[in-house]
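Data from query_10.pdb: PDB, C-alpha atoms
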```
MODEL        1
ATOM      1  CA  MET A   1      14.193  72.085  23.833
ATOM      2  CA  ALA A   2      12.997  72.004  20.230
ATOM      3  CA  GLU A   3      15.595  69.368  19.357
ATOM      4  CA  GLN A   4      14.348  67.147  22.191
ATOM      5  CA  TRP A   5      10.764  67.349  20.906
ATOM      6  CA  ILE A   6      11.973  66.545  17.382
ATOM      7  CA  LEU A   7      13.770  63.440  18.690
ATOM      8  CA  ILE A   8      10.689  62.383  20.676
ATOM      9  CA  CYS A   9       8.387  62.810  17.667
ATOM     10  CA  HIS A  10      10.842  60.965  15.441
ATOM     11  CA  GLY A  11      11.004  58.084  17.909
ATOM     12  CA  LEU A  12       7.215  57.862  18.211
ATOM     13  CA  ALA A  13       6.784  57.969  14.428
ATOM     14  CA  THR A  14       9.403  55.231  13.990
ATOM     15  CA  LEU A  15       7.700  53.100  16.648
ATOM     16  CA  LEU A  16       4.317  53.583  14.964
ATOM     17  CA  VAL A  17       5.690  52.516  11.570
ATOM     18  CA  VAL A  18       7.492  49.458  12.986
ATOM     19  CA  VAL A  19       4.455  48.300  14.997
ATOM     20  CA  SER A  20       2.132  48.881  12.048
ATOM     21  CA  PHE A  21       4.400  47.021   9.627
ATOM     22  CA  LEU A  22       5.042  44.007  11.880
ATOM     23  CA  CYS A  23       1.828  43.755  13.891
ATOM     24  CA  GLY A  24      -0.827  45.638  11.916
ATOM     25  CA  GLN A  25      -2.592  42.445  10.804
ATOM     26  CA  TRP A  26      -3.095  41.182  14.355
ATOM     27  CA  PRO A  27      -6.769  40.847  15.390
ATOM     28  CA  ILE A  28      -6.275  43.350  18.199
ATOM     29  CA  PHE A  29      -5.588  46.102  15.641
ATOM     30  CA  GLN A  30      -8.495  45.228  13.336
ATOM     31  CA  GLY A  31     -10.380  48.346  12.263
ATOM     32  CA  THR A  32      -7.767  50.698  13.736
ATOM     33  CA  PRO A  33      -5.437  53.209  12.028
ATOM     34  CA  ILE A  34      -2.581  50.761  12.647
ATOM     35  CA  GLU A  35      -4.266  48.178  10.414
ATOM     36  CA  ARG A  36      -4.811  50.779   7.691
ATOM     37  CA  LEU A  37      -1.208  51.923   7.952
ATOM     38  CA  HIS A  38      -0.087  48.288   7.703
ATOM     39  CA  TYR A  39      -2.085  47.877   4.498
ATOM     40  CA  PHE A  40      -0.631  51.085   3.081
ATOM     41  CA  LEU A  41       2.956  50.048   3.868
ATOM     42  CA  THR A  42       2.630  46.493   2.555
ATOM     43  CA  PHE A  43       0.203  46.846  -0.386
ATOM     44  CA  GLY A  44      -1.382  50.269  -0.732
ATOM     45  CA  ALA A  45       1.728  52.350  -1.408
ATOM     46  CA  TYR A  46       2.868  50.067  -4.229
ATOM     47  CA  ASP A  47      -0.647  49.893  -5.666
ATOM     48  CA  TYR A  48      -0.955  53.687  -5.670
ATOM     49  CA  PHE A  49       2.492  53.941  -7.271
ATOM     50  CA  VAL A  50       1.527  51.537 -10.078
ATOM     51  CA  ARG A  51      -1.695  53.460 -10.655
ATOM     52  CA  PHE A  52       0.217  56.729 -10.807
ATOM     53  CA  ILE A  53       2.692  55.316 -13.338
ATOM     54  CA  GLY A  54      -0.209  53.967 -15.396
ATOM     55  CA  ALA A  55      -1.992  57.320 -15.380
ATOM     56  CA  VAL A  56       1.148  59.221 -16.410
ATOM     57  CA  PHE A  57       2.900  56.807 -18.792
ATOM     58  CA  GLY A  58       0.110  54.434 -19.764
ATOM     59  CA  SER A  59       0.344  50.667 -20.120
ATOM     60  CA  LYS A  60       4.006  50.771 -21.189
ATOM     61  CA  GLY A  61       4.976  52.352 -17.891
ATOM     62  CA  THR A  62       2.959  49.782 -15.949
ATOM     63  CA  HIS A  63       4.557  46.893 -17.859
ATOM     64  CA  PHE A  64       7.992  48.382 -17.172
ATOM     65  CA  VAL A  65       7.297  48.484 -13.411
ATOM     66  CA  PHE A  66       6.011  44.893 -13.477
ATOM     67  CA  SER A  67       9.110  43.755 -15.398
ATOM     68  CA  ILE A  68      11.340  45.294 -12.719
ATOM     69  CA  GLU A  69       9.255  43.628 -10.008
ATOM     70  CA  HIS A  70       9.556  40.284 -11.802
ATOM     71  CA  PHE A  71      13.335  40.641 -12.122
ATOM     72  CA  CYS A  72      13.868  41.701  -8.507
ATOM     73  CA  CYS A  73      11.337  39.431  -6.768
ATOM     74  CA  ASP A  74      10.533  36.463  -8.992
ATOM     75  CA  ARG A  75      13.854  35.494 -10.591
ATOM     76  CA  PRO A  76      17.368  34.894  -9.212
ATOM     77  CA  ASN A  77      19.426  38.084  -9.356
ATOM     78  CA  PRO A  78      22.463  39.441  -7.471
ATOM     79  CA  THR A  79      20.997  42.846  -6.585
ATOM     80  CA  LEU A  80      20.746  42.261  -2.835
ATOM     81  CA  GLN A  81      24.120  40.502  -2.806
ATOM     82  CA  VAL A  82      25.735  43.608  -4.277
ATOM     83  CA  ILE A  83      23.853  45.798  -1.767
ATOM     84  CA  TYR A  84      25.082  43.642   1.141
ATOM     85  CA  LEU A  85      28.711  43.853  -0.004
ATOM     86  CA  ALA A  86      28.334  47.612  -0.538
ATOM     87  CA  ILE A  87      26.916  48.070   2.984
ATOM     88  CA  ILE A  88      29.703  46.016   4.559
ATOM     89  CA  GLY A  89      32.415  47.720   2.519
ATOM     90  CA  ALA A  90      31.128  51.265   3.056
ATOM     91  CA  THR A  91      30.598  50.715   6.790
ATOM     92  CA  TYR A  92      34.063  49.257   7.297
ATOM     93  CA  TYR A  93      35.619  52.053   5.204
ATOM     94  CA  PHE A  94      33.792  54.669   7.290
ATOM     95  CA  ILE A  95      34.968  53.053  10.532
ATOM     96  CA  ILE A  96      38.563  52.928   9.266
ATOM     97  CA  ASN A  97      38.517  56.633   8.386
ATOM     98  CA  SER A  98      36.688  57.789  11.505
ATOM     99  CA  SER A  99      37.970  55.520  14.276
ATOM    100  CA  PHE A 100      41.204  53.750  13.360
ATOM    101  CA  SER A 101      43.226  56.925  13.926
ATOM    102  CA  TYR A 102      42.336  56.596  17.639
ATOM    103  CA  ILE A 103      43.550  52.992  17.842
ATOM    104  CA  PRO A 104      45.645  52.259  19.847
ATOM    105  CA  GLY A 105      43.893  54.352  22.453
ATOM    106  CA  TYR A 106      43.206  54.468  26.150
ATOM    107  CA  TYR A 107      41.231  51.200  26.194
ATOM    108  CA  LEU A 108      41.982  49.530  22.848
ATOM    109  CA  SER A 109      45.273  48.192  21.551
ATOM    110  CA  GLU A 110      46.443  47.966  17.949
ATOM    111  CA  ILE A 111      45.329  44.309  17.834
ATOM    112  CA  HIS A 112      41.843  45.591  16.964
ATOM    113  CA  TRP A 113      43.127  46.705  13.567
ATOM    114  CA  TYR A 114      43.524  43.034  12.742
ATOM    115  CA  THR A 115      40.624  41.536  14.706
ATOM    116  CA  SER A 116      38.158  43.887  13.006
ATOM    117  CA  PHE A 117      39.441  42.894   9.567
ATOM    118  CA  PHE A 118      39.289  39.220  10.577
ATOM    119  CA  ALA A 119      35.717  39.594  11.880
ATOM    120  CA  VAL A 120      34.493  41.257   8.684
ATOM    121  CA  GLY A 121      36.362  38.709   6.562
ATOM    122  CA  VAL A 122      34.750  35.756   8.348
ATOM    123  CA  GLY A 123      31.315  37.336   7.904
ATOM    124  CA  ILE A 124      31.900  37.687   4.161
ATOM    125  CA  LEU A 125      33.191  34.099   4.036
ATOM    126  CA  PHE A 126      29.948  32.783   5.585
ATOM    127  CA  PHE A 127      28.029  34.973   3.127
ATOM    128  CA  LEU A 128      29.858  33.448   0.154
ATOM    129  CA  LEU A 129      29.472  29.894   1.484
ATOM    130  CA  THR A 130      25.733  30.376   1.909
ATOM    131  CA  SER A 131      25.301  32.117  -1.435
ATOM    132  CA  PHE A 132      27.195  29.719  -3.662
ATOM    133  CA  SER A 133      26.753  26.341  -1.981
ATOM    134  CA  ASP A 134      24.187  23.789  -3.112
ATOM    135  CA  PRO A 135      21.176  24.001  -0.749
ATOM    136  CA  GLY A 136      20.318  20.360  -1.396
ATOM    137  CA  THR A 137      18.833  20.216  -4.877
ATOM    138  CA  VAL A 138      16.628  17.187  -5.410
ATOM    139  CA  LYS A 139      17.147  15.623  -8.844
ATOM    140  CA  ALA A 140      16.108  12.435 -10.551
ATOM    141  CA  ASP A 141      19.494  10.824  -9.873
ATOM    142  CA  ASN A 142      19.491  11.523  -6.106
ATOM    143  CA  VAL A 143      15.795  11.582  -5.205
ATOM    144  CA  SER A 144      15.970   8.008  -3.828
ATOM    145  CA  GLU A 145      18.597   9.107  -1.283
ATOM    146  CA  TYR A 146      16.418  11.959  -0.063
ATOM    147  CA  LEU A 147      13.329   9.736   0.056
ATOM    148  CA  SER A 148      15.139   7.360   2.416
ATOM    149  CA  ALA A 149      16.571  10.237   4.472
ATOM    150  CA  TYR A 150      13.201  11.998   4.801
ATOM    151  CA  PRO A 151      10.417   9.387   4.796
ATOM    152  CA  TYR A 152       6.737  10.298   4.702
ATOM    153  CA  ASP A 153       4.841  10.278   7.994
ATOM    154  CA  ASN A 154       1.457  10.141   6.210
ATOM    155  CA  ILE A 155       0.199  12.809   8.589
ATOM    156  CA  ILE A 156       1.808  16.066   7.518
ATOM    157  CA  TYR A 157       3.889  14.709   4.665
ATOM    158  CA  THR A 158       2.368  12.276   2.180
ATOM    159  CA  GLU A 159       3.676  10.861  -1.057
ATOM    160  CA  LYS A 160       3.464  13.479  -3.779
ATOM    161  CA  GLU A 161       5.081  14.319  -7.070
ATOM    162  CA  CYS A 162       6.465  17.712  -8.000
ATOM    163  CA  SER A 163       4.295  18.996 -10.827
ATOM    164  CA  THR A 164       7.233  20.954 -12.277
ATOM    165  CA  CYS A 165      10.203  18.599 -11.861
ATOM    166  CA  LYS A 166       8.097  15.448 -12.380
ATOM    167  CA  ILE A 167       9.909  13.594  -9.568
ATOM    168  CA  PRO A 168       8.697  12.389  -6.143
ATOM    169  CA  LYS A 169       8.825  15.054  -3.438
ATOM    170  CA  PRO A 170      10.677  13.890  -0.287
ATOM    171  CA  ALA A 171       9.192  14.947   3.030
ATOM    172  CA  ARG A 172      10.044  18.544   3.985
ATOM    173  CA  SER A 173      11.138  19.355   0.437
ATOM    174  CA  LYS A 174       9.606  22.107  -1.675
ATOM    175  CA  HIS A 175       9.845  23.402  -5.197
ATOM    176  CA  CYS A 176      11.260  26.939  -5.255
ATOM    177  CA  SER A 177       9.492  28.945  -7.925
ATOM    178  CA  ILE A 178      12.328  31.495  -8.017
ATOM    179  CA  CYS A 179      15.192  29.015  -8.519
ATOM    180  CA  ASN A 180      12.959  26.532 -10.365
ATOM    181  CA  ARG A 181      14.210  23.469  -8.471
ATOM    182  CA  CYS A 182      13.188  21.188  -5.638
ATOM    183  CA  VAL A 183      15.179  21.658  -2.442
ATOM    184  CA  ALA A 184      15.498  19.114   0.372
ATOM    185  CA  ARG A 185      14.491  20.330   3.835
ATOM    186  CA  PHE A 186      13.541  23.630   2.253
ATOM    187  CA  ASP A 187      13.473  26.610   4.636
ATOM    188  CA  HIS A 188      13.105  29.668   2.415
ATOM    189  CA  HIS A 189      14.550  31.490  -0.558
ATOM    190  CA  CYS A 190      16.859  34.242   0.696
ATOM    191  CA  GLY A 191      17.121  37.225  -1.628
ATOM    192  CA  TRP A 192      20.216  38.494   0.195
ATOM    193  CA  MET A 193      21.996  35.237  -0.613
ATOM    194  CA  ASN A 194      20.355  34.838  -4.027
ATOM    195  CA  ASN A 195      19.991  31.202  -3.045
ATOM    196  CA  CYS A 196      17.617  28.800  -1.350
ATOM    197  CA  ILE A 197      18.268  27.798   2.254
ATOM    198  CA  GLY A 198      17.956  24.048   2.573
ATOM    199  CA  GLU A 199      19.529  20.888   3.918
ATOM    200  CA  ARG A 200      23.115  21.476   2.805
ATOM    201  CA  ASN A 201      23.608  25.183   3.537
ATOM    202  CA  THR A 202      21.411  25.827   6.574
ATOM    203  CA  ARG A 203      24.484  25.550   8.824
ATOM    204  CA  TYR A 204      26.266  28.238   6.799
ATOM    205  CA  PHE A 205      23.204  30.494   6.940
ATOM    206  CA  LEU A 206      22.832  30.138  10.708
ATOM    207  CA  ALA A 207      26.572  30.743  11.142
ATOM    208  CA  PHE A 208      26.202  33.869   8.981
ATOM    209  CA  LEU A 209      23.372  35.207  11.169
ATOM    210  CA  LEU A 210      25.129  34.397  14.450
ATOM    211  CA  TRP A 211      28.451  35.834  13.306
ATOM    212  CA  HIS A 212      26.894  39.103  12.144
ATOM    213  CA  PHE A 213      25.037  39.382  15.452
ATOM    214  CA  LEU A 214      28.355  38.999  17.288
ATOM    215  CA  LEU A 215      29.998  41.376  14.814
ATOM    216  CA  CYS A 216      27.422  44.067  15.646
ATOM    217  CA  ILE A 217      28.053  43.580  19.369
ATOM    218  CA  TYR A 218      31.824  43.712  18.869
ATOM    219  CA  GLY A 219      31.595  46.854  16.734
ATOM    220  CA  THR A 220      29.295  48.591  19.209
ATOM    221  CA  ILE A 221      31.553  47.825  22.177
ATOM    222  CA  ALA A 222      34.714  48.770  20.271
ATOM    223  CA  LEU A 223      33.306  52.117  19.107
ATOM    224  CA  GLY A 224      32.022  52.776  22.613
ATOM    225  CA  LEU A 225      35.500  52.148  23.997
ATOM    226  CA  VAL A 226      37.006  54.468  21.372
ATOM    227  CA  LEU A 227      34.676  57.256  22.470
ATOM    228  CA  ALA A 228      35.251  56.498  26.162
ATOM    229  CA  GLY A 229      38.981  56.523  25.552
ATOM    230  CA  ARG A 230      38.821  59.925  23.887
ATOM    231  CA  LEU A 231      36.820  61.277  26.823
ATOM    232  CA  LYS A 232      39.505  59.930  29.139
ATOM    233  CA  GLU A 233      42.475  61.105  27.099
ATOM    234  CA  LEU A 234      41.101  64.633  26.645
ATOM    235  CA  ARG A 235      39.992  64.756  30.303
ATOM    236  CA  VAL A 236      36.529  65.895  29.271
ATOM    237  CA  ILE A 237      34.874  65.006  32.583
ATOM    238  CA  TYR A 238      37.598  66.843  34.509
ATOM    239  CA  ILE A 239      37.267  69.940  32.337
ATOM    240  CA  LEU A 240      33.477  70.008  32.579
ATOM    241  CA  THR A 241      33.441  69.642  36.362
ATOM    242  CA  VAL A 242      36.459  71.774  37.319
ATOM    243  CA  TYR A 243      36.566  74.502  34.660
ATOM    244  CA  TYR A 244      32.868  74.773  33.820
ATOM    245  CA  GLY A 245      31.425  73.962  37.238
ATOM    246  CA  ILE A 246      29.100  71.188  36.088
ATOM    247  CA  GLU A 247      27.913  68.784  38.765
ATOM    248  CA  ASN A 248      29.749  65.456  38.704
ATOM    249  CA  SER A 249      26.701  63.286  38.090
ATOM    250  CA  PHE A 250      25.510  61.296  35.110
ATOM    251  CA  ARG A 251      22.346  63.375  34.716
ATOM    252  CA  SER A 252      24.276  66.653  34.627
ATOM    253  CA  LEU A 253      27.234  65.490  32.566
ATOM    254  CA  ALA A 254      25.379  63.402  29.941
ATOM    255  CA  PRO A 255      24.035  66.325  27.823
ATOM    256  CA  HIS A 256      27.450  67.992  27.773
ATOM    257  CA  VAL A 257      29.221  64.758  26.873
ATOM    258  CA  VAL A 258      26.765  64.242  24.009
ATOM    259  CA  GLN A 259      27.462  67.819  22.914
ATOM    260  CA  PHE A 260      31.176  67.057  22.992
ATOM    261  CA  LEU A 261      30.653  63.996  20.807
ATOM    262  CA  SER A 262      28.599  66.075  18.367
ATOM    263  CA  TYR A 263      31.008  69.019  18.200
ATOM    264  CA  TRP A 264      34.327  67.271  18.797
ATOM    265  CA  GLN A 265      36.580  69.666  16.888
ATOM    266  CA  ASP A 266      34.952  72.828  18.279
ATOM    267  CA  PHE A 267      35.510  71.453  21.774
ATOM    268  CA  LEU A 268      39.202  70.855  21.064
ATOM    269  CA  ASP A 269      39.602  74.400  19.761
ATOM    270  CA  THR A 270      38.158  75.901  22.969
ATOM    271  CA  MET A 271      39.704  73.413  25.395
ATOM    272  CA  PRO A 272      41.924  75.086  28.026
ATOM    273  CA  THR A 273      45.545  74.640  26.995
ATOM    274  CA  CYS A 274      46.655  74.086  30.568
ATOM    275  CA  VAL A 275      44.886  70.728  30.665
ATOM    276  CA  SER A 276      45.770  69.657  27.137
ATOM    277  CA  ARG A 277      47.469  66.294  27.154
ATOM    278  CA  THR A 278      48.599  63.884  24.502
ATOM    279  CA  PRO A 279      47.142  60.374  24.511
ATOM    280  CA  GLN A 280      50.455  58.952  25.675
ATOM    281  CA  GLN A 281      50.464  61.269  28.706
ATOM    282  CA  THR A 282      46.963  60.319  29.793
ATOM    283  CA  ARG A 283      47.129  56.575  29.298
ATOM    284  CA  PRO A 284      47.833  54.549  32.431
ATOM    285  CA  SER A 285      51.390  53.440  32.964
ATOM    286  CA  SER A 286      51.975  49.721  32.403
ATOM    287  CA  GLY A 287      55.009  49.416  34.640
ATOM    288  CA  LYS A 288      56.441  50.707  37.905
ATOM    289  CA  SER A 289      58.726  53.718  37.990
ATOM    290  CA  THR A 290      62.349  53.113  38.808
TER     291      THR A 290
ENDMDL
END
```
Could you express the structure from this file as structure tokens?
Amino acid sequence: MAEQWILICHGLATLLVVVSFLCGQWPIFQGTPIERLHYFLTFGAYDYFVRFIGAVFGSKGTHFVFSIEHFCCDRPNPTLQVIYLAIIGATYYFIINSSFSYIPGYYLSEIHWYTSFFAVGVGILFFLLTSFSDPGTVKADNVSEYLSAYPYDNIIYTEKECSTCKIPKPARSKHCSICNRCVARFDHHCGWMNNCIGERNTRYFLAFLLWHFLLCIYGTIALGLVLAGRLKELRVIYILTVYYGIENSFRSLAPHVVQFLSYWQDFLDTMPTCVSRTPQQTRPSSGKST
């Protein structure tokens, strides 16, 4: 019972933080604790941290923090690129060690060894294409092409000159202060890609987002089928209903199935030997007996 209350409190706290972070500045939350929590998460915590460093280490400590902020947020750097590759690599390594030993299984064939590697490889390929492709840099030698491709409408976009590059700014272009260049059809500067997203790499960026969305769905379904296959191969439902007398309903079985998933090895050690089967014995036969 205590664990259930811990999970409920954790879920409510997570929901409060997410709502405060994303929606705390909405007018409906003005003057509420959610607005104050939003300020603390977005500005206050960092401000208090800088003040604390200044009080303990003086101006040198404050300048050091600001130099790190400048490097991470105001200049191109590969920090988030390395973090992305580390997340992908560590996650795939964990899945290989924890799940690949059960493939092939009751529901999945050995083809998923290769499709999973292909899916991750394509995701990294889109990441590299987005990161290292030219987003559409506007220069003095190509600005005339972009001016003809993106004419001014004299309503939203009027004729202007970039104060930094000293060249005309085509409509929908913007000077990126991080990359220090003008980018045609500028969307945003992506720290994860360490690159601007503009006219020439937007398609790679959208493909990256879509592919990783599909990759998450594929991974979730595949891992779910691995777990379902283990439940089927080890006859967990049969054991719980026949040997332990648990009612054959989702509401009754769900807590015990979750307990099995949490204490997999302990369950195997106490499983009745008379119902122990190998995966090959429990998988459905693919052909007719002769």
Exercise. May I have the residues at most 12 Å from (-2.2, 49.4, 7.8) in the file's coordinates, counting all atoms listed in the file, as a ChimeraX atom specification?
Key: /A:16-26,29-45
>> Evaluate the PyMOL selection byres ((chain A and resi 105) around 9) against this structure - the residues, as a PyMOL selection string, please.
In response: chain A and resi 101-104+106-110+225-226+229-230+233+279-280+283
Generate a file of the selected residues that holds C-alpha atoms, formatted as a PDB file, in the frame of the given file.
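Here's the written file part-v1.pdb:
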```
ATOM      1  CA  SER A 101      43.226  56.925  13.926  1.00  0.00           C
ATOM      2  CA  TYR A 102      42.336  56.596  17.639  1.00  0.00           C
ATOM      3  CA  ILE A 103      43.550  52.992  17.842  1.00  0.00           C
ATOM      4  CA  PRO A 104      45.645  52.259  19.847  1.00  0.00           C
ATOM      5  CA  TYR A 106      43.206  54.468  26.150  1.00  0.00           C
ATOM      6  CA  TYR A 107      41.231  51.200  26.194  1.00  0.00           C
ATOM      7  CA  LEU A 108      41.982  49.530  22.848  1.00  0.00           C
ATOM      8  CA  SER A 109      45.273  48.192  21.551  1.00  0.00           C
ATOM      9  CA  GLU A 110      46.443  47.966  17.949  1.00  0.00           C
ATOM     10  CA  LEU A 225      35.500  52.148  23.997  1.00  0.00           C
ATOM     11  CA  VAL A 226      37.006  54.468  21.372  1.00  0.00           C
ATOM     12  CA  GLY A 229      38.981  56.523  25.552  1.00  0.00           C
ATOM     13  CA  ARG A 230      38.821  59.925  23.887  1.00  0.00           C
ATOM     14  CA  GLU A 233      42.475  61.105  27.099  1.00  0.00           C
ATOM     15  CA  PRO A 279      47.142  60.374  24.511  1.00  0.00           C
ATOM     16  CA  GLN A 280      50.455  58.952  25.675  1.00  0.00           C
ATOM     17  CA  ARG A 283      47.129  56.575  29.298  1.00  0.00           C
TER      18      ARG A 283
END
```
Of A:Lys139, A:His10, A:Arg75, A:Arg200, the one nearest to Arg181 (chain A) when counting only C-alpha atoms is A:Lys139
- Query: Within 9 Å of Ala207 (chain A), counting all atoms listed in the file, which residues qualify if same-chain residues fewer than 4 places away don't, as a list in words?
  - Reply: Gly123, Phe126, Thr202, Arg203, Trp211 and His212 of chain A
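Under the PyMOL selection byres ((chain A and resi 81) around 12), the matching residues in the shown file are A:Cys72, A:Pro76, A:Asn77, A:Pro78, A:Thr79, A:Leu80, A:Val82, A:Ile83, A:Tyr84, A:Leu85, A:Ala86, A:Ile87, A:Ile88, A:Ile124, A:Phe127, A:Leu128, A:Thr130, A:Ser131, A:Phe132, A:Cys190, A:Gly191, A:Trp192, A:Met193, A:Asn194, A:Asn195.
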Missing atoms of region 94-102 of chain A rebuilt to all heavy atoms, written as a short mmCIF file (atom, residue, chain, number, x, y, z; two decimals), in the frame of the given file:
```
data_model
loop_
_atom_site.label_atom_id
_atom_site.label_comp_id
_atom_site.auth_asym_id
_atom_site.auth_seq_id
_atom_site.Cartn_x
_atom_site.Cartn_y
_atom_site.Cartn_z
N PHE A 94 34.11 53.53 6.43
CA PHE A 94 33.79 54.67 7.29
C PHE A 94 34.43 54.51 8.66
O PHE A 94 34.97 55.47 9.23
CB PHE A 94 32.28 54.80 7.42
CG PHE A 94 31.84 55.82 8.42
CD1 PHE A 94 31.87 57.17 8.12
CD2 PHE A 94 31.39 55.44 9.69
CE1 PHE A 94 31.48 58.12 9.05
CE2 PHE A 94 31.00 56.37 10.63
CZ PHE A 94 31.04 57.73 10.30
N ILE A 95 34.38 53.29 9.21
CA ILE A 95 34.97 53.05 10.53
C ILE A 95 36.48 53.23 10.48
O ILE A 95 37.10 53.79 11.40
CB ILE A 95 34.58 51.65 11.03
CG1 ILE A 95 33.09 51.60 11.34
CG2 ILE A 95 35.39 51.27 12.27
CD1 ILE A 95 32.59 50.24 11.74
N ILE A 96 37.11 52.75 9.40
CA ILE A 96 38.56 52.93 9.27
C ILE A 96 38.92 54.41 9.27
O ILE A 96 39.85 54.85 9.98
CB ILE A 96 39.06 52.25 7.98
CG1 ILE A 96 39.01 50.73 8.11
CG2 ILE A 96 40.49 52.69 7.65
CD1 ILE A 96 39.38 49.99 6.85
N ASN A 97 38.19 55.21 8.49
CA ASN A 97 38.52 56.63 8.39
C ASN A 97 38.19 57.41 9.65
O ASN A 97 38.87 58.39 9.98
CB ASN A 97 37.76 57.25 7.20
CG ASN A 97 38.38 56.89 5.87
OD1 ASN A 97 39.52 56.43 5.80
ND2 ASN A 97 37.64 57.06 4.80
N SER A 98 37.14 57.00 10.37
CA SER A 98 36.69 57.79 11.50
C SER A 98 37.26 57.33 12.84
O SER A 98 37.39 58.15 13.76
CB SER A 98 35.16 57.75 11.58
OG SER A 98 34.70 56.42 11.79
N SER A 99 37.62 56.05 12.95
CA SER A 99 37.97 55.52 14.28
C SER A 99 39.36 54.93 14.37
O SER A 99 39.93 54.89 15.47
CB SER A 99 36.95 54.45 14.69
OG SER A 99 35.64 54.97 14.69
N PHE A 100 39.92 54.44 13.27
CA PHE A 100 41.20 53.75 13.36
C PHE A 100 42.35 54.68 13.75
O PHE A 100 43.37 54.22 14.24
CB PHE A 100 41.52 53.06 12.04
CG PHE A 100 40.97 51.66 11.96
CD1 PHE A 100 39.74 51.35 12.52
CD2 PHE A 100 41.67 50.66 11.32
CE1 PHE A 100 39.22 50.08 12.45
CE2 PHE A 100 41.16 49.37 11.24
CZ PHE A 100 39.94 49.08 11.81
N SER A 101 42.17 55.98 13.52
CA SER A 101 43.23 56.92 13.93
C SER A 101 43.34 57.03 15.44
O SER A 101 44.34 57.54 15.95
CB SER A 101 42.95 58.30 13.33
OG SER A 101 41.68 58.78 13.73
N TYR A 102 42.32 56.55 16.17
CA TYR A 102 42.34 56.60 17.64
C TYR A 102 42.65 55.23 18.23
O TYR A 102 42.43 55.00 19.42
CB TYR A 102 40.99 57.10 18.16
CG TYR A 102 40.62 58.45 17.58
CD1 TYR A 102 39.59 58.55 16.66
CD2 TYR A 102 41.32 59.59 17.94
CE1 TYR A 102 39.26 59.79 16.11
CE2 TYR A 102 41.00 60.82 17.40
CZ TYR A 102 39.98 60.91 16.48
OH TYR A 102 39.65 62.14 15.95
#
```
